[in-house]
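K.L.:
File protein05.cif follows (mmCIF, C-alpha atoms and all ligand atoms):
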```
data_my_file
loop_
_atom_site.group_PDB
_atom_site.id
_atom_site.type_symbol
_atom_site.label_atom_id
_atom_site.label_comp_id
_atom_site.auth_asym_id
_atom_site.auth_seq_id
_atom_site.Cartn_x
_atom_site.Cartn_y
_atom_site.Cartn_z
ATOM 1 C CA MET A 1 135.589 82.649 84.208
ATOM 2 C CA ILE A 2 133.645 81.225 87.142
ATOM 3 C CA LEU A 3 134.676 82.941 90.378
ATOM 4 C CA PRO A 4 134.950 80.896 93.604
ATOM 5 C CA VAL A 5 132.246 81.241 96.274
ATOM 6 C CA ARG A 6 133.941 82.942 99.238
ATOM 7 C CA LYS A 7 131.051 84.660 100.965
ATOM 8 C CA ALA A 8 127.825 83.563 102.581
ATOM 9 C CA VAL A 9 124.766 85.503 103.648
ATOM 10 C CA ILE A 10 122.772 84.384 106.677
ATOM 11 C CA PRO A 11 119.479 86.220 107.178
ATOM 12 C CA ALA A 12 118.935 86.460 110.938
ATOM 13 C CA ALA A 13 116.532 89.346 111.340
ATOM 14 C CA GLY A 14 113.350 87.341 111.959
ATOM 15 C CA LEU A 15 111.362 87.877 115.133
ATOM 16 C CA GLY A 16 111.270 84.189 116.024
ATOM 17 C CA THR A 17 107.597 84.355 116.950
ATOM 18 C CA ARG A 18 107.207 80.564 116.691
ATOM 19 C CA PHE A 19 109.568 80.158 119.654
ATOM 20 C CA LEU A 20 108.150 82.705 122.057
ATOM 21 C CA PRO A 21 108.703 83.159 124.933
ATOM 22 C CA ALA A 22 112.246 81.731 124.434
ATOM 23 C CA THR A 23 112.957 84.318 121.747
ATOM 24 C CA LYS A 24 111.702 87.353 123.646
ATOM 25 C CA ALA A 25 115.264 88.396 124.589
ATOM 26 C CA VAL A 26 117.357 85.697 122.868
ATOM 27 C CA PRO A 27 117.607 85.583 119.059
ATOM 28 C CA LYS A 28 116.192 82.363 117.651
ATOM 29 C CA GLU A 29 119.531 81.740 115.891
ATOM 30 C CA MET A 30 121.096 81.326 119.346
ATOM 31 C CA LEU A 31 118.739 78.552 120.447
ATOM 32 C CA PRO A 32 120.944 75.487 120.928
ATOM 33 C CA ILE A 33 120.893 72.121 119.241
ATOM 34 C CA VAL A 34 122.182 70.050 122.180
ATOM 35 C CA ASP A 35 124.830 72.608 123.219
ATOM 36 C CA THR A 36 125.596 74.538 120.051
ATOM 37 C CA PRO A 37 123.613 77.540 118.736
ATOM 38 C CA THR A 38 121.898 76.766 115.429
ATOM 39 C CA ILE A 39 123.742 79.645 113.732
ATOM 40 C CA GLN A 40 127.090 78.123 114.731
ATOM 41 C CA LEU A 41 126.108 74.842 113.065
ATOM 42 C CA VAL A 42 125.165 76.744 109.908
ATOM 43 C CA ILE A 43 128.357 78.823 109.892
ATOM 44 C CA ASP A 44 130.382 75.661 110.490
ATOM 45 C CA GLU A 45 128.751 74.139 107.386
ATOM 46 C CA ALA A 46 129.742 77.219 105.363
ATOM 47 C CA ALA A 47 133.282 77.273 106.776
ATOM 48 C CA ARG A 48 133.812 73.596 105.945
ATOM 49 C CA ALA A 49 132.751 74.398 102.382
ATOM 50 C CA GLY A 50 135.601 76.922 102.126
ATOM 51 C CA ILE A 51 133.665 80.103 102.897
ATOM 52 C CA ARG A 52 135.646 82.781 104.745
ATOM 53 C CA ASP A 53 133.285 85.732 105.062
ATOM 54 C CA VAL A 54 129.845 85.382 106.581
ATOM 55 C CA ILE A 55 127.468 88.303 106.338
ATOM 56 C CA VAL A 56 124.826 88.065 109.043
ATOM 57 C CA VAL A 57 121.775 90.190 108.320
ATOM 58 C CA ASN A 58 120.585 91.298 111.748
ATOM 59 C CA GLY A 59 117.501 92.924 113.109
ATOM 60 C CA ARG A 60 116.933 94.365 116.559
ATOM 61 C CA GLY A 61 118.470 92.742 119.615
ATOM 62 C CA LYS A 62 120.865 90.446 117.765
ATOM 63 C CA GLY A 63 123.973 91.551 119.682
ATOM 64 C CA ALA A 64 124.201 88.071 121.209
ATOM 65 C CA ILE A 65 125.103 86.677 117.766
ATOM 66 C CA GLU A 66 128.012 89.107 117.389
ATOM 67 C CA ASP A 67 129.183 88.345 120.930
ATOM 68 C CA HIS A 68 129.067 84.615 120.268
ATOM 69 C CA PHE A 69 131.539 84.863 117.386
ATOM 70 C CA ASP A 70 133.809 87.323 119.220
ATOM 71 C CA HIS A 71 136.534 86.456 121.731
ATOM 72 C CA ALA A 72 135.233 85.862 125.247
ATOM 73 C CA TYR A 73 138.512 86.832 126.880
ATOM 74 C CA GLU A 74 137.399 86.553 130.515
ATOM 75 C CA LEU A 75 135.684 83.231 129.964
ATOM 76 C CA GLU A 76 138.695 81.775 128.130
ATOM 77 C CA HIS A 77 141.056 83.112 130.803
ATOM 78 C CA THR A 78 138.956 81.639 133.619
ATOM 79 C CA LEU A 79 138.776 78.246 131.884
ATOM 80 C CA ARG A 80 142.559 78.177 131.350
ATOM 81 C CA SER A 81 143.244 79.160 134.969
ATOM 82 C CA ARG A 82 141.149 76.115 135.959
ATOM 83 C CA GLY A 83 143.132 73.860 133.653
ATOM 84 C CA LYS A 84 140.258 73.511 131.175
ATOM 85 C CA ASN A 85 142.387 74.179 128.107
ATOM 86 C CA ALA A 86 140.417 72.018 125.704
ATOM 87 C CA GLU A 87 137.220 73.931 126.511
ATOM 88 C CA ALA A 88 139.047 77.262 126.154
ATOM 89 C CA ASP A 89 140.487 76.181 122.789
ATOM 90 C CA ALA A 90 137.019 75.166 121.608
ATOM 91 C CA LEU A 91 135.685 78.617 122.487
ATOM 92 C CA ALA A 92 138.573 80.347 120.724
ATOM 93 C CA GLY A 93 137.913 78.115 117.690
ATOM 94 C CA ILE A 94 134.420 79.598 117.267
ATOM 95 C CA THR A 95 135.990 83.005 116.622
ATOM 96 C CA ARG A 96 138.201 81.514 113.903
ATOM 97 C CA LEU A 97 135.349 79.739 112.080
ATOM 98 C CA ALA A 98 134.699 82.691 109.810
ATOM 99 C CA ARG A 99 134.974 86.442 109.531
ATOM 100 C CA ILE A 100 131.577 87.728 110.600
ATOM 101 C CA ILE A 101 130.245 90.887 109.022
ATOM 102 C CA SER A 102 127.026 92.286 110.473
ATOM 103 C CA VAL A 103 124.616 94.280 108.388
ATOM 104 C CA ARG A 104 121.299 95.572 109.537
ATOM 105 C CA GLN A 105 117.865 95.051 108.024
ATOM 106 C CA HIS A 106 116.058 98.110 109.322
ATOM 107 C CA GLN A 107 112.566 96.932 108.443
ATOM 108 C CA PRO A 108 111.222 93.357 108.246
ATOM 109 C CA LEU A 109 110.333 93.521 104.558
ATOM 110 C CA GLY A 110 110.935 89.858 103.727
ATOM 111 C CA LEU A 111 113.646 87.305 102.941
ATOM 112 C CA GLY A 112 114.471 88.760 99.520
ATOM 113 C CA HIS A 113 114.941 92.181 101.089
ATOM 114 C CA ALA A 114 117.099 90.715 103.879
ATOM 115 C CA VAL A 115 119.443 89.154 101.306
ATOM 116 C CA LEU A 116 119.511 92.424 99.357
ATOM 117 C CA CYS A 117 120.764 94.192 102.519
ATOM 118 C CA ALA A 118 124.026 92.212 102.054
ATOM 119 C CA ARG A 119 124.590 93.518 98.508
ATOM 120 C CA GLU A 120 127.412 95.939 99.352
ATOM 121 C CA ALA A 121 129.140 93.489 101.658
ATOM 122 C CA VAL A 122 129.066 90.742 98.997
ATOM 123 C CA GLY A 123 129.724 92.827 95.901
ATOM 124 C CA ASP A 124 130.182 91.502 92.395
ATOM 125 C CA GLU A 125 130.843 87.823 93.021
ATOM 126 C CA PRO A 126 128.840 84.633 93.510
ATOM 127 C CA PHE A 127 127.728 83.952 97.073
ATOM 128 C CA ALA A 128 125.914 81.421 99.218
ATOM 129 C CA VAL A 129 122.728 81.954 101.220
ATOM 130 C CA LEU A 130 122.018 79.719 104.217
ATOM 131 C CA LEU A 131 118.750 79.918 106.150
ATOM 132 C CA GLY A 132 119.263 79.084 109.800
ATOM 133 C CA ASP A 133 115.930 77.293 110.168
ATOM 134 C CA ASP A 134 117.163 74.534 107.880
ATOM 135 C CA LEU A 135 119.898 72.356 109.334
ATOM 136 C CA ILE A 136 121.637 69.842 107.118
ATOM 137 C CA ALA A 137 123.519 67.074 108.872
ATOM 138 C CA ASP A 138 126.033 65.779 106.332
ATOM 139 C CA GLN A 139 128.410 62.870 106.425
ATOM 140 C CA GLY A 140 131.071 64.323 104.166
ATOM 141 C CA ARG A 141 130.788 67.257 101.797
ATOM 142 C CA PRO A 142 128.763 70.000 103.567
ATOM 143 C CA GLY A 143 125.336 70.740 102.098
ATOM 144 C CA ILE A 144 126.253 74.182 100.793
ATOM 145 C CA GLY A 145 129.509 72.731 99.427
ATOM 146 C CA GLN A 146 127.483 70.384 97.221
ATOM 147 C CA LEU A 147 125.716 73.404 95.682
ATOM 148 C CA ILE A 148 129.044 75.220 95.305
ATOM 149 C CA ASP A 149 130.319 72.234 93.283
ATOM 150 C CA ILE A 150 127.360 72.529 90.890
ATOM 151 C CA HIS A 151 127.897 76.266 90.570
ATOM 152 C CA ALA A 152 131.583 75.652 89.818
ATOM 153 C CA ALA A 153 130.554 73.291 87.003
ATOM 154 C CA THR A 154 127.759 75.425 85.522
ATOM 155 C CA GLY A 155 128.314 79.028 86.605
ATOM 156 C CA ALA A 156 124.572 79.165 87.229
ATOM 157 C CA GLY A 157 122.531 79.791 90.367
ATOM 158 C CA VAL A 158 121.647 76.640 92.321
ATOM 159 C CA VAL A 159 119.061 76.024 95.038
ATOM 160 C CA SER A 160 118.686 72.993 97.220
ATOM 161 C CA ILE A 161 115.375 71.148 96.789
ATOM 162 C CA MET A 162 113.534 68.260 98.379
ATOM 163 C CA GLU A 163 110.313 66.441 97.561
ATOM 164 C CA VAL A 164 107.654 67.229 100.172
ATOM 165 C CA PRO A 165 104.525 65.177 100.938
ATOM 166 C CA GLU A 166 101.376 66.116 99.069
ATOM 167 C CA GLY A 167 99.498 68.785 100.989
ATOM 168 C CA LYS A 168 102.639 70.431 102.416
ATOM 169 C CA GLU A 169 103.534 72.470 99.317
ATOM 170 C CA HIS A 170 101.944 75.643 100.697
ATOM 171 C CA MET A 171 104.669 75.832 103.372
ATOM 172 C CA TYR A 172 107.537 76.267 100.887
ATOM 173 C CA GLY A 173 108.816 77.893 97.752
ATOM 174 C CA ILE A 174 107.950 75.322 95.058
ATOM 175 C CA VAL A 175 109.869 74.835 91.813
ATOM 176 C CA ALA A 176 109.181 72.902 88.615
ATOM 177 C CA GLY A 177 111.110 72.314 85.391
ATOM 178 C CA ASP A 178 113.077 69.674 83.470
ATOM 179 C CA TRP A 179 115.463 67.108 84.927
ATOM 180 C CA ALA A 180 118.834 66.556 83.246
ATOM 181 C CA ASP A 181 122.151 65.249 84.623
ATOM 182 C CA GLY A 182 120.555 64.755 88.048
ATOM 183 C CA ARG A 183 119.549 68.415 88.343
ATOM 184 C CA LEU A 184 116.336 70.287 87.794
ATOM 185 C CA ARG A 185 116.530 73.151 85.279
ATOM 186 C CA ILE A 186 113.992 75.394 86.968
ATOM 187 C CA ARG A 187 111.336 76.907 84.699
ATOM 188 C CA GLU A 188 108.640 77.811 87.191
ATOM 189 C CA MET A 189 108.667 78.887 90.804
ATOM 190 C CA VAL A 190 106.043 80.005 93.281
ATOM 191 C CA GLU A 191 106.399 81.029 96.912
ATOM 192 C CA LYS A 192 103.928 79.253 99.229
ATOM 193 C CA PRO A 193 101.367 78.231 96.569
ATOM 194 C CA ARG A 194 97.731 78.080 97.606
ATOM 195 C CA PRO A 195 96.618 74.504 98.391
ATOM 196 C CA GLY A 196 95.971 72.551 95.218
ATOM 197 C CA THR A 197 97.860 74.951 92.924
ATOM 198 C CA ALA A 198 101.508 73.850 93.318
ATOM 199 C CA PRO A 199 103.284 73.030 90.028
ATOM 200 C CA SER A 200 105.182 70.146 91.702
ATOM 201 C CA ARG A 201 106.149 68.750 95.102
ATOM 202 C CA TRP A 202 109.764 70.006 94.795
ATOM 203 C CA ALA A 203 110.327 72.491 97.596
ATOM 204 C CA ILE A 204 113.230 74.894 98.136
ATOM 205 C CA VAL A 205 115.323 74.072 101.199
ATOM 206 C CA GLY A 206 117.235 76.998 102.734
ATOM 207 C CA ARG A 207 120.503 76.711 100.775
ATOM 208 C CA TYR A 208 121.310 78.757 97.682
ATOM 209 C CA VAL A 209 124.355 79.681 95.594
ATOM 210 C CA LEU A 210 123.633 82.791 93.566
ATOM 211 C CA PRO A 211 125.506 84.756 90.911
ATOM 212 C CA PRO A 212 125.785 88.549 91.305
ATOM 213 C CA ALA A 213 123.226 88.915 88.481
ATOM 214 C CA ILE A 214 120.626 88.368 91.217
ATOM 215 C CA TRP A 215 121.238 91.842 92.740
ATOM 216 C CA PRO A 216 119.334 94.014 90.237
ATOM 217 C CA MET A 217 116.639 91.338 90.067
ATOM 218 C CA LEU A 218 116.142 91.442 93.835
ATOM 219 C CA ALA A 219 116.261 95.232 93.842
ATOM 220 C CA SER A 220 113.303 95.347 91.460
ATOM 221 C CA THR A 221 111.282 92.559 93.119
ATOM 222 C CA LYS A 222 107.929 93.754 94.404
ATOM 223 C CA ALA A 223 106.202 92.527 97.550
ATOM 224 C CA GLY A 224 104.615 89.115 96.984
ATOM 225 C CA HIS A 225 103.332 86.394 99.314
ATOM 226 C CA GLY A 226 102.425 87.814 102.733
ATOM 227 C CA GLY A 227 103.137 91.362 101.498
ATOM 228 C CA GLU A 228 106.884 90.623 101.751
ATOM 229 C CA ILE A 229 109.706 90.837 99.202
ATOM 230 C CA GLN A 230 110.338 87.151 98.546
ATOM 231 C CA LEU A 231 113.686 85.627 97.577
ATOM 232 C CA THR A 232 111.803 83.077 95.451
ATOM 233 C CA ASP A 233 110.292 85.893 93.349
ATOM 234 C CA GLY A 234 113.737 87.454 92.861
ATOM 235 C CA LEU A 235 115.067 84.107 91.641
ATOM 236 C CA LYS A 236 112.502 83.971 88.821
ATOM 237 C CA GLY A 237 114.749 86.345 86.864
ATOM 238 C CA LEU A 238 117.629 83.848 87.086
ATOM 239 C CA ALA A 239 115.364 80.982 86.012
ATOM 240 C CA ALA A 240 114.379 82.994 82.927
ATOM 241 C CA SER A 241 117.999 83.945 82.052
ATOM 242 C CA SER A 242 120.146 81.987 79.579
ATOM 243 C CA GLU A 243 122.494 80.777 82.387
ATOM 244 C CA GLY A 244 119.438 79.429 84.156
ATOM 245 C CA LEU A 245 118.779 78.316 87.703
ATOM 246 C CA TYR A 246 119.151 74.741 88.909
ATOM 247 C CA GLY A 247 117.575 72.739 91.703
ATOM 248 C CA ALA A 248 119.620 69.952 93.276
ATOM 249 C CA VAL A 249 118.925 67.414 95.985
ATOM 250 C CA ILE A 250 121.576 67.661 98.691
ATOM 251 C CA ASP A 251 122.947 64.496 100.237
ATOM 252 C CA GLY A 252 122.377 64.868 104.008
ATOM 253 C CA GLU A 253 119.626 64.784 106.625
ATOM 254 C CA ARG A 254 117.594 67.987 106.664
ATOM 255 C CA HIS A 255 115.950 69.274 109.841
ATOM 256 C CA ASP A 256 113.426 72.076 110.058
ATOM 257 C CA ALA A 257 114.688 73.692 113.249
ATOM 258 C CA GLY A 258 112.331 76.628 112.700
ATOM 259 C CA ASP A 259 109.401 74.487 113.795
ATOM 260 C CA ARG A 260 108.954 73.361 117.408
ATOM 261 C CA LEU A 261 108.628 69.679 116.581
ATOM 262 C CA GLY A 262 111.427 69.857 114.007
ATOM 263 C CA TYR A 263 113.607 71.588 116.595
ATOM 264 C CA LEU A 264 113.055 68.829 119.145
ATOM 265 C CA ARG A 265 113.710 66.213 116.475
ATOM 266 C CA ALA A 266 116.957 67.952 115.459
ATOM 267 C CA ASN A 267 118.095 67.960 119.089
ATOM 268 C CA LEU A 268 117.492 64.241 119.374
ATOM 269 C CA ALA A 269 119.097 63.420 116.017
ATOM 270 C CA TYR A 270 122.228 65.488 116.735
ATOM 271 C CA ALA A 271 122.517 63.988 120.217
ATOM 272 C CA LEU A 272 122.183 60.449 118.828
ATOM 273 C CA ALA A 273 124.915 61.213 116.294
ATOM 274 C CA ARG A 274 127.363 62.051 119.085
ATOM 275 C CA ALA A 275 129.446 59.220 120.490
ATOM 276 C CA ASP A 276 129.382 60.697 124.014
ATOM 277 C CA LEU A 277 125.601 61.056 124.078
ATOM 278 C CA ARG A 278 124.194 58.275 121.923
ATOM 279 C CA GLU A 279 123.794 55.551 124.545
ATOM 280 C CA PRO A 280 122.663 57.775 127.449
ATOM 281 C CA VAL A 281 120.148 59.533 125.197
ATOM 282 C CA MET A 282 118.706 56.218 123.936
ATOM 283 C CA GLU A 283 118.359 55.076 127.525
ATOM 284 C CA MET A 284 116.751 58.379 128.514
ATOM 285 C CA MET A 285 114.307 58.181 125.590
ATOM 286 C CA ARG A 286 113.244 54.683 126.632
ATOM 287 C CA GLU A 287 112.664 55.883 130.188
ATOM 288 C CA VAL A 288 110.698 58.930 129.126
ATOM 289 C CA LEU A 289 108.553 56.897 126.738
ATOM 290 C CA GLU A 290 107.849 54.282 129.392
ATOM 291 C CA GLN A 291 106.936 56.888 131.954
ATOM 292 C CA HIS A 292 104.705 58.839 129.642
ATOM 293 C CA SER A 293 102.912 56.148 127.689
ATOM 294 C CA GLY A 294 103.127 53.254 130.092
ATOM 295 C CA LYS A 295 103.172 50.753 127.246
ATOM 296 C CA VAL A 296 106.415 51.148 125.336
ATOM 297 C CA GLY A 297 108.838 48.269 125.676
ATOM 298 C CA GLY A 298 112.655 48.574 125.614
HETATM 299 C C1 LIG B 301 111.746 80.279 103.237
HETATM 300 C C2 LIG B 301 111.616 80.515 101.728
HETATM 301 C C3 LIG B 301 110.954 79.320 101.055
HETATM 302 C C4 LIG B 301 111.701 78.047 101.396
HETATM 303 C C5 LIG B 301 111.852 77.888 102.933
HETATM 304 C C6 LIG B 301 112.758 76.726 103.249
HETATM 305 O O1 LIG B 301 110.462 80.281 103.800
HETATM 306 O O2 LIG B 301 110.872 81.700 101.499
HETATM 307 O O3 LIG B 301 110.933 79.500 99.655
HETATM 308 O O4 LIG B 301 111.022 76.922 100.867
HETATM 309 O O5 LIG B 301 112.420 79.066 103.519
HETATM 310 O O6 LIG B 301 112.878 76.525 104.623
HETATM 311 P P1 LIG B 301 110.205 80.371 105.387
HETATM 312 O O7 LIG B 301 110.300 78.981 105.904
HETATM 313 O O8 LIG B 301 111.247 81.273 105.945
HETATM 314 O O9 LIG B 301 108.822 80.927 105.524
#
```
Could you render the structure as structure tokens?
Ligand code: G1P

P.N.:
Amino acid sequence: MILPVRKAVIPAAGLGTRFLPATKAVPKEMLPIVDTPTIQLVIDEAARAGIRDVIVVNGRGKGAIEDHFDHAYELEHTLRSRGKNAEADALAGITRLARIISVRQHQPLGLGHAVLCAREAVGDEPFAVLLGDDLIADQGRPGIGQLIDIHAATGAGVVSIMEVPEGKEHMYGIVAGDWADGRLRIREMVEKPRPGTAPSRWAIVGRYVLPPAIWPMLASTKAGHGGEIQLTDGLKGLAASSEGLYGAVIDGERHDAGDRLGYLRANLAYALARADLREPVMEMMREVLEQHSGKVGG
């Protein structure tokens, strides 16, 4: 019997060094896209896919994440006393998005290790993993929901993949295998291959649905790329198993919010997708471009 996917793991213990100084005191997961922290967008994706429990793997100084998903009684009370009920309801809604469970990663030993820290909280059932640096703007079924559908049909582990331009393979986990029924049956995987050695241009995007069989595999995974315990290396065991591991292309626009340029791009794309901001943002972009290049027409 294939169990439903009810739990998601969000690794959030990174130091956010690419966004210093912003991330000196604020966790990178709290950096906003327009006005919403990236981790809220990711948890909203999981919640819309039917996930109830979200296990956030924290490191030091991540109390702001817990506070964000807790009731802000004084703030809600103040808003209501000023007649701002819609705003107060929106804040209360964040608390209801999911049940947040915090676990701690005591040492930064890598993504595979971070996921393993959630083992007890997840237990013996399939679960989703969502990396907060990857945002997927969907127009219907949430990105992780699309992987859950494939898991429901196959019972196997599934990772989201995308084709990256030649020369960019070294920035990702790369997979290769055989295509059938619109999915890749993964046979080979390598985390951040050295330039010129990648087995394909199919890169892992930060969405996974994994069966509990991954736990002992992760527990025995040794440090790999960068001296860290890599999730990609742990997944090799699933790829070699009879159930297999699949790669699937998710329908939706992916943003790399973990990169400064990607973060700015995500802000613009999310703003343009909002009815209240689209026109003013287009106008503002024209103005900024004119001012800064002196040669861009409207
Ligand atoms: C992680 C994974 C990598 C994956 C990437 C997707 O790397 O280790 O396999 O391709 O996320 O964003 P990171 O970007 O955290 O270095």

K.L.:
Carefully work through the PyMOL selection byres (((chain A and resi 126) around 10) and not hetatm) for this structure and note down the residues it includes, as an mmCIF file with C-alpha atoms, in the frame of the given file.

P.N.:
```cif
data_model
loop_
_atom_site.group_PDB
_atom_site.id
_atom_site.type_symbol
_atom_site.label_atom_id
_atom_site.label_comp_id
_atom_site.auth_asym_id
_atom_site.auth_seq_id
_atom_site.Cartn_x
_atom_site.Cartn_y
_atom_site.Cartn_z
ATOM 1 C CA ILE A 2 133.645 81.225 87.142
ATOM 2 C CA LEU A 3 134.676 82.941 90.378
ATOM 3 C CA PRO A 4 134.950 80.896 93.604
ATOM 4 C CA VAL A 5 132.246 81.241 96.274
ATOM 5 C CA ARG A 6 133.941 82.942 99.238
ATOM 6 C CA LYS A 7 131.051 84.660 100.965
ATOM 7 C CA ALA A 8 127.825 83.563 102.581
ATOM 8 C CA VAL A 122 129.066 90.742 98.997
ATOM 9 C CA GLY A 123 129.724 92.827 95.901
ATOM 10 C CA ASP A 124 130.182 91.502 92.395
ATOM 11 C CA GLU A 125 130.843 87.823 93.021
ATOM 12 C CA PHE A 127 127.728 83.952 97.073
ATOM 13 C CA ALA A 128 125.914 81.421 99.218
ATOM 14 C CA ILE A 148 129.044 75.220 95.305
ATOM 15 C CA HIS A 151 127.897 76.266 90.570
ATOM 16 C CA GLY A 155 128.314 79.028 86.605
ATOM 17 C CA ALA A 156 124.572 79.165 87.229
ATOM 18 C CA GLY A 157 122.531 79.791 90.367
ATOM 19 C CA VAL A 209 124.355 79.681 95.594
ATOM 20 C CA LEU A 210 123.633 82.791 93.566
ATOM 21 C CA PRO A 211 125.506 84.756 90.911
ATOM 22 C CA PRO A 212 125.785 88.549 91.305
ATOM 23 C CA ALA A 213 123.226 88.915 88.481
ATOM 24 C CA ILE A 214 120.626 88.368 91.217
#
```

K.L.:
Within 10 Å of ligand LIG 301 (chain B), counting only C-alpha atoms and all ligand atoms, which protein or nucleic acid residues do you find, written as a ChimeraX atom specification?

P.N.:
/A:11,14,110-112,130-135,159-162,169-175,189-192,202-207,225-226,228-233,254-259

K.L.:
Would you mind reading off the distance between CA of Gly145 in chain A and CA of Arg265 in chain A, one decimal, in Å?

P.N.:
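Distance reported for this atom pair: 24.1 Å.
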
K.L.:
One decimal, Å: what's the distance from CA of Glu253 in chain A over to CA of Leu97 in chain A, could you say?

P.N.:
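Those two atoms sit 22.4 Å apart.
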
K.L.:
Set the distance at 10 Å and use all atoms listed in the file: which residues neighbour Pro216 in chain A once local chain neighbours fewer than 3 positions away are removed? I'd like the list as a PyMOL selection string.

P.N.:
chain A and resi 116+119+212-213+219-221+234+237

K.L.:
Run through the PyMOL selection byres (((chain A and resi 52) around 7) and not hetatm) on the given coordinates and return the selected residues as a PDB file with C-alpha atoms, in the frame of the given file.

P.N.:
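Okay, this is what ended up in part.pdb:
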```pdb
ATOM      1  CA  ARG A   6     133.941  82.942  99.238  1.00  0.00           C
ATOM      2  CA  LYS A   7     131.051  84.660 100.965  1.00  0.00           C
ATOM      3  CA  ALA A  47     133.282  77.273 106.776  1.00  0.00           C
ATOM      4  CA  GLY A  50     135.601  76.922 102.126  1.00  0.00           C
ATOM      5  CA  ILE A  51     133.665  80.103 102.897  1.00  0.00           C
ATOM      6  CA  ASP A  53     133.285  85.732 105.062  1.00  0.00           C
ATOM      7  CA  VAL A  54     129.845  85.382 106.581  1.00  0.00           C
ATOM      8  CA  ALA A  98     134.699  82.691 109.810  1.00  0.00           C
ATOM      9  CA  ARG A  99     134.974  86.442 109.531  1.00  0.00           C
TER      10      ARG A  99
END
```

K.L.:
Can you list what the PyMOL selection byres (((chain A and resi 270-282) around 12) and not hetatm) grabs from this structure, as number ranges by chain?

P.N.:
A: 32-36, 38, 41, 135-139, 253-255, 257, 262-269, 283-289, 298

K.L.:
Ranking A:Ala180, A:Leu218, A:Ile94, A:Ala240 by minimum distance to His71 in chain A and counting only C-alpha atoms, which one comes first?

P.N.:
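Among the listed residues, the smallest separation from His71 in chain A belongs to A:Ile94.
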
K.L.:
Pick from A:Ile39, A:Ala92, A:Ala114, A:Ala46: nearest to Leu79 in chain A, with all atoms listed in the file counted?

P.N.:
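Of A:Ile39, A:Ala92, A:Ala114, A:Ala46, the one nearest Leu79 in chain A is A:Ala92, counting all atoms listed in the file.
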
K.L.:
Which residue is closest to Arg104 in chain A? Choose from A:Glu87, A:Asp149, A:Glu163, A:Glu120 and count all atoms listed in the file.

P.N.:
A:Glu120

K.L.:
What box, with edges along x, y and z, holds each listed atom of range 260-273 of chain A when 6 Å is added on every side, and can you state its centre and edge lengths in Å to one decimal, as JSON?

P.N.:
```
{"center_x": 116.8, "center_y": 66.9, "center_z": 117.1, "size_x": 28.3, "size_y": 24.9, "size_z": 18.2}
```

K.L.:
One number please: CA of Gln40 in chain A to CA of His68 in chain A, in Å, one decimal.

P.N.:
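Answer for the CA of Gln40 in chain A to CA of His68 in chain A separation: 8.8 Å.
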
K.L.:
What's the 10 Å shell around Glu66 in chain A, counting all atoms listed in the file, without same-chain residues fewer than 3 positions away, as a tab-separated table (two decimals) with C-alpha atoms, in the frame of the given file?

P.N.:
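As written to disk, selection_17.tsv reads:
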```tsv
chain	number	residue	atom	x	y	z
A	56	VAL	CA	124.83	88.06	109.04
A	58	ASN	CA	120.58	91.30	111.75
A	62	LYS	CA	120.86	90.45	117.76
A	63	GLY	CA	123.97	91.55	119.68
A	69	PHE	CA	131.54	84.86	117.39
A	70	ASP	CA	133.81	87.32	119.22
A	71	HIS	CA	136.53	86.46	121.73
A	100	ILE	CA	131.58	87.73	110.60
A	101	ILE	CA	130.24	90.89	109.02
A	102	SER	CA	127.03	92.29	110.47
```

K.L.:
Select, from A:Arg96, A:Arg187, A:Lys168, A:His113, the residue with the minimum atom-to-atom distance to Gly247 in chain A, counting only C-alpha atoms.

P.N.:
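Checking each of A:Arg96, A:Arg187, A:Lys168, A:His113 against Gly247 in chain A, counting only C-alpha atoms, the winner is A:Arg187.
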
K.L.:
Measuring atom to atom with only C-alpha atoms, identify which of A:Ala88, A:Ile43, A:Val103, A:Ala25 is nearest to Val129 in chain A.

P.N.:
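With only C-alpha atoms as the atom set, the closest residue is A:Ile43.
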
K.L.:
Counting only C-alpha atoms, figure out which residue out of A:Lys84, A:Arg183, A:His106, A:Lys24 gets nearest to Val249 in chain A.

P.N.:
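Going through A:Lys84, A:Arg183, A:His106, A:Lys24 one by one, the smallest distance to Val249 in chain A is for A:Arg183.
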